[in-house]
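One file, query21.pdb, carrying PDB, C-alpha atoms:
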```pdb
MODEL        1
ATOM      1  CA  VAL A   1       0.000   0.000   0.000
ATOM      2  CA  GLN A   2       1.359   3.394  -0.895
ATOM      3  CA  ALA A   3       0.030   6.919  -0.584
ATOM      4  CA  GLY A   4      -2.001   7.830  -3.643
ATOM      5  CA  GLY A   5      -2.172   4.229  -4.816
ATOM      6  CA  PRO A   6      -5.427   2.425  -5.545
ATOM      7  CA  PRO A   7      -7.362   1.125  -2.560
ATOM      8  CA  ILE A   8      -6.892  -2.541  -1.801
ATOM      9  CA  TRP A   9      -9.997  -4.538  -0.962
ATOM     10  CA  LEU A  10      -9.789  -8.161   0.130
ATOM     11  CA  GLY A  11     -12.617 -10.457  -0.856
ATOM     12  CA  ALA A  12     -13.378 -13.477   1.304
ATOM     13  CA  PHE A  13     -16.159 -15.991   1.778
ATOM     14  CA  GLY A  14     -14.835 -17.630   4.917
ATOM     15  CA  PRO A  15     -13.804 -16.620   8.424
ATOM     16  CA  GLN A  16     -10.051 -16.852   7.787
ATOM     17  CA  GLY A  17     -10.232 -14.405   4.896
ATOM     18  CA  VAL A  18     -12.441 -11.998   6.836
ATOM     19  CA  ALA A  19     -10.020 -12.149   9.766
ATOM     20  CA  ARG A  20      -7.115 -11.469   7.393
ATOM     21  CA  ALA A  21      -8.822  -8.376   5.966
ATOM     22  CA  ALA A  22      -9.444  -7.077   9.495
ATOM     23  CA  ARG A  23      -5.903  -7.821  10.652
ATOM     24  CA  LEU A  24      -4.449  -6.018   7.608
ATOM     25  CA  ASP A  25      -6.863  -3.075   8.087
ATOM     26  CA  THR A  26      -8.241  -3.355   4.557
ATOM     27  CA  PRO A  27     -11.850  -3.045   3.431
ATOM     28  CA  TRP A  28     -13.447  -6.481   3.105
ATOM     29  CA  LEU A  29     -15.283  -6.994  -0.179
ATOM     30  CA  ILE A  30     -18.414  -8.778   1.010
ATOM     31  CA  PRO A  31     -19.293 -11.715  -1.282
ATOM     32  CA  PRO A  32     -22.494 -11.930  -3.337
ATOM     33  CA  ASP A  33     -24.266 -14.475  -1.156
ATOM     34  CA  GLY A  34     -26.355 -14.190   1.986
ATOM     35  CA  ASP A  35     -29.596 -12.651   3.091
ATOM     36  CA  ARG A  36     -29.997  -9.578   5.288
ATOM     37  CA  GLY A  37     -29.467 -11.481   8.532
ATOM     38  CA  THR A  38     -26.330 -13.172   7.213
ATOM     39  CA  LEU A  39     -24.933  -9.832   6.078
ATOM     40  CA  GLN A  40     -25.662  -8.209   9.441
ATOM     41  CA  ALA A  41     -23.828 -11.016  11.220
ATOM     42  CA  ARG A  42     -20.865 -10.779   8.830
ATOM     43  CA  PHE A  43     -20.600  -7.007   9.258
ATOM     44  CA  ALA A  44     -20.747  -7.361  13.044
ATOM     45  CA  GLU A  45     -17.991  -9.990  13.035
ATOM     46  CA  TYR A  46     -15.765  -7.934  10.711
ATOM     47  CA  ARG A  47     -16.229  -4.793  12.825
ATOM     48  CA  GLN A  48     -15.440  -6.727  16.006
ATOM     49  CA  LEU A  49     -12.274  -8.094  14.402
ATOM     50  CA  LEU A  50     -11.228  -4.630  13.241
ATOM     51  CA  ALA A  51     -11.724  -3.238  16.730
ATOM     52  CA  SER A  52      -9.810  -6.140  18.294
ATOM     53  CA  HIS A  53      -6.797  -5.126  16.168
ATOM     54  CA  GLY A  54      -7.173  -1.471  17.117
ATOM     55  CA  HIS A  55      -8.481  -0.420  13.688
ATOM     56  CA  SER A  56     -11.273   2.055  13.041
ATOM     57  CA  THR A  57     -14.629   0.736  11.876
ATOM     58  CA  THR A  58     -15.252   3.986  10.012
ATOM     59  CA  ARG A  59     -14.399   2.965   6.462
ATOM     60  CA  GLU A  60     -15.746   1.839   3.122
ATOM     61  CA  TYR A  61     -17.754  -1.364   3.200
ATOM     62  CA  PRO A  62     -17.776  -2.563  -0.423
ATOM     63  CA  LEU A  63     -20.531  -5.034  -1.197
ATOM     64  CA  LEU A  64     -20.568  -7.240  -4.305
ATOM     65  CA  ARG A  65     -23.913  -8.195  -5.820
ATOM     66  CA  GLU A  66     -24.704  -9.733  -9.181
ATOM     67  CA  VAL A  67     -27.758  -8.452 -11.007
ATOM     68  CA  ALA A  68     -29.665  -9.438 -14.134
ATOM     69  CA  ILE A  69     -32.336  -7.162 -15.534
ATOM     70  CA  ALA A  70     -34.914  -8.269 -18.082
ATOM     71  CA  GLU A  71     -38.549  -7.790 -19.068
ATOM     72  CA  THR A  72     -39.670 -10.431 -16.559
ATOM     73  CA  ARG A  73     -38.282 -12.042 -13.444
ATOM     74  CA  GLU A  74     -38.221 -15.431 -15.178
ATOM     75  CA  ARG A  75     -36.153 -14.057 -18.067
ATOM     76  CA  ALA A  76     -33.764 -12.322 -15.655
ATOM     77  CA  GLU A  77     -33.290 -15.600 -13.771
ATOM     78  CA  ARG A  78     -32.547 -17.470 -17.020
ATOM     79  CA  ILE A  79     -29.994 -14.830 -17.996
ATOM     80  CA  ALA A  80     -28.363 -14.948 -14.567
ATOM     81  CA  ILE A  81     -28.215 -18.742 -14.487
ATOM     82  CA  GLU A  82     -26.664 -18.885 -17.948
ATOM     83  CA  TYR A  83     -23.750 -16.669 -16.935
ATOM     84  CA  LEU A  84     -23.407 -17.252 -13.213
ATOM     85  CA  ALA A  85     -23.908 -21.017 -12.888
ATOM     86  CA  PRO A  86     -20.547 -21.855 -14.522
ATOM     87  CA  LEU A  87     -18.818 -19.316 -12.290
ATOM     88  CA  TYR A  88     -20.351 -20.650  -9.093
ATOM     89  CA  ARG A  89     -19.581 -24.254 -10.080
ATOM     90  CA  GLN A  90     -15.890 -23.273  -9.973
ATOM     91  CA  TYR A  91     -16.220 -22.268  -6.320
TER      92      TYR A  91
ENDMDL
END
```
Once more with this new file: its structure as structure tokens, please.
Amino acid sequence: VQAGGPPIWLGAFGPQGVARAARLDTPWLIPPDGDRGTLQARFAEYRQLLASHGHSTTREYPLLREVAIAETRERAERIAIEYLAPLYRQY
């Protein structure tokens, strides 16, 4: 990290990656899964980890979401599945 350089965000699905982002004092790029309750729990855990390392919780909280827009919900789901299913199979 250097002054004036691009921000570094760490993406993570699991607890080790979230802990790493907190330890390194970097914004955690929240993955595209989870409902509202899951996200609230993840944010709380990340903030607690930041605080435990003496880092501020006042920061950017980037959130990744995938979206498909079409004339109907059914069409949007077909579009999303076509492009996202192969990606998620890799995970």
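Excluding segment 42-51 of chain A itself and same-chain residues fewer than 5 positions from it, the residues having an atom within 7 Å of it are Val18, Ala19, Ala22, Arg23, Asp25, Ser56 and Thr57 of chain A, counting only C-alpha atoms.
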Box for segment 74-83 of chain A: with edges along x, y and z, all listed atoms inside and 3 Å added on each side, what are the centre and edge lengths in Å to one decimal, as AutoDock Vina command-line options?
```
--center_x -31.0 --center_y -15.6 --center_z -15.9 --size_x 20.5 --size_y 12.6 --size_z 10.3
```
Report, in Å to a single decimal, how far apart atom CA of Gly5 of chain A and atom CA of Glu66 of chain A are.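 We find that atom CA of Glu66 of chain A and atom CA of Gly5 of chain A lie 26.9 Å from each other.
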Counting all atoms listed in the file, the residue among A:Ile30, A:Val67, A:Leu24, A:Ile79 that lies closest to His53 of chain A is A:Leu24
- request: Give the answer as one residue: which of A:Ile81, A:Pro62, A:Tyr91, A:Ala70 has the shortest atom-to-atom distance to Phe13 of chain A, using all atoms listed in the file?
  value: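 Among the listed residues, A:Tyr91 lies closest to Phe13 of chain A.
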Closest contacts (segment 53-87 of chain A/segment 34-40 of chain A, max 12 Å, all atoms listed in the file) as CSV:
```
residue,atom,partner,partner_atom,distance
A:Tyr61,CA,A:Leu39,CA,11.5
A:Leu63,CA,A:Leu39,CA,9.8
A:Leu64,CA,A:Gly34,CA,11.0
A:Arg65,CA,A:Gly34,CA,10.1
```
Next on the checklist: When you look at Ile8 of chain A with a cut-off of 8 Å (counting all atoms listed in the file), what residues show up, excluding the ones that are within fewer than 2 positions of it in the same chain? I need them as a ChimeraX atom specification.
Outcome noted: /A:1,6,10,26-27
Here atom CA of Pro7 of chain A and atom CA of Tyr83 of chain A stand apart by 28.1 Å
Q: Tell me, in Å to one decimal, how far atom CA of Gly11 of chain A is from atom CA of Glu82 of chain A.
A: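 Interatomic distance here is 23.7 Å.
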Checklist line | Residue with smallest distance to Leu84 of chain A - pool A:Thr72, A:Thr58, A:Gln16, A:Pro32, counting only C-alpha atoms | finding: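 Checking each of A:Thr72, A:Thr58, A:Gln16, A:Pro32 against Leu84 of chain A, counting only C-alpha atoms, the winner is A:Pro32.
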Return the single residue from A:Gly4, A:Ser52, A:Pro31, A:Gln90 that is closest to Gly17 of chain A, with distances computed using all atoms listed in the file.
->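 The shortest atom-to-atom distance to Gly17 of chain A comes from A:Pro31.
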The residue from A:Ala76, A:Asp33, A:Arg89, A:Glu60 with the smallest atom-to-atom distance to Trp9 of chain A, counting all atoms listed in the file, is A:Glu60
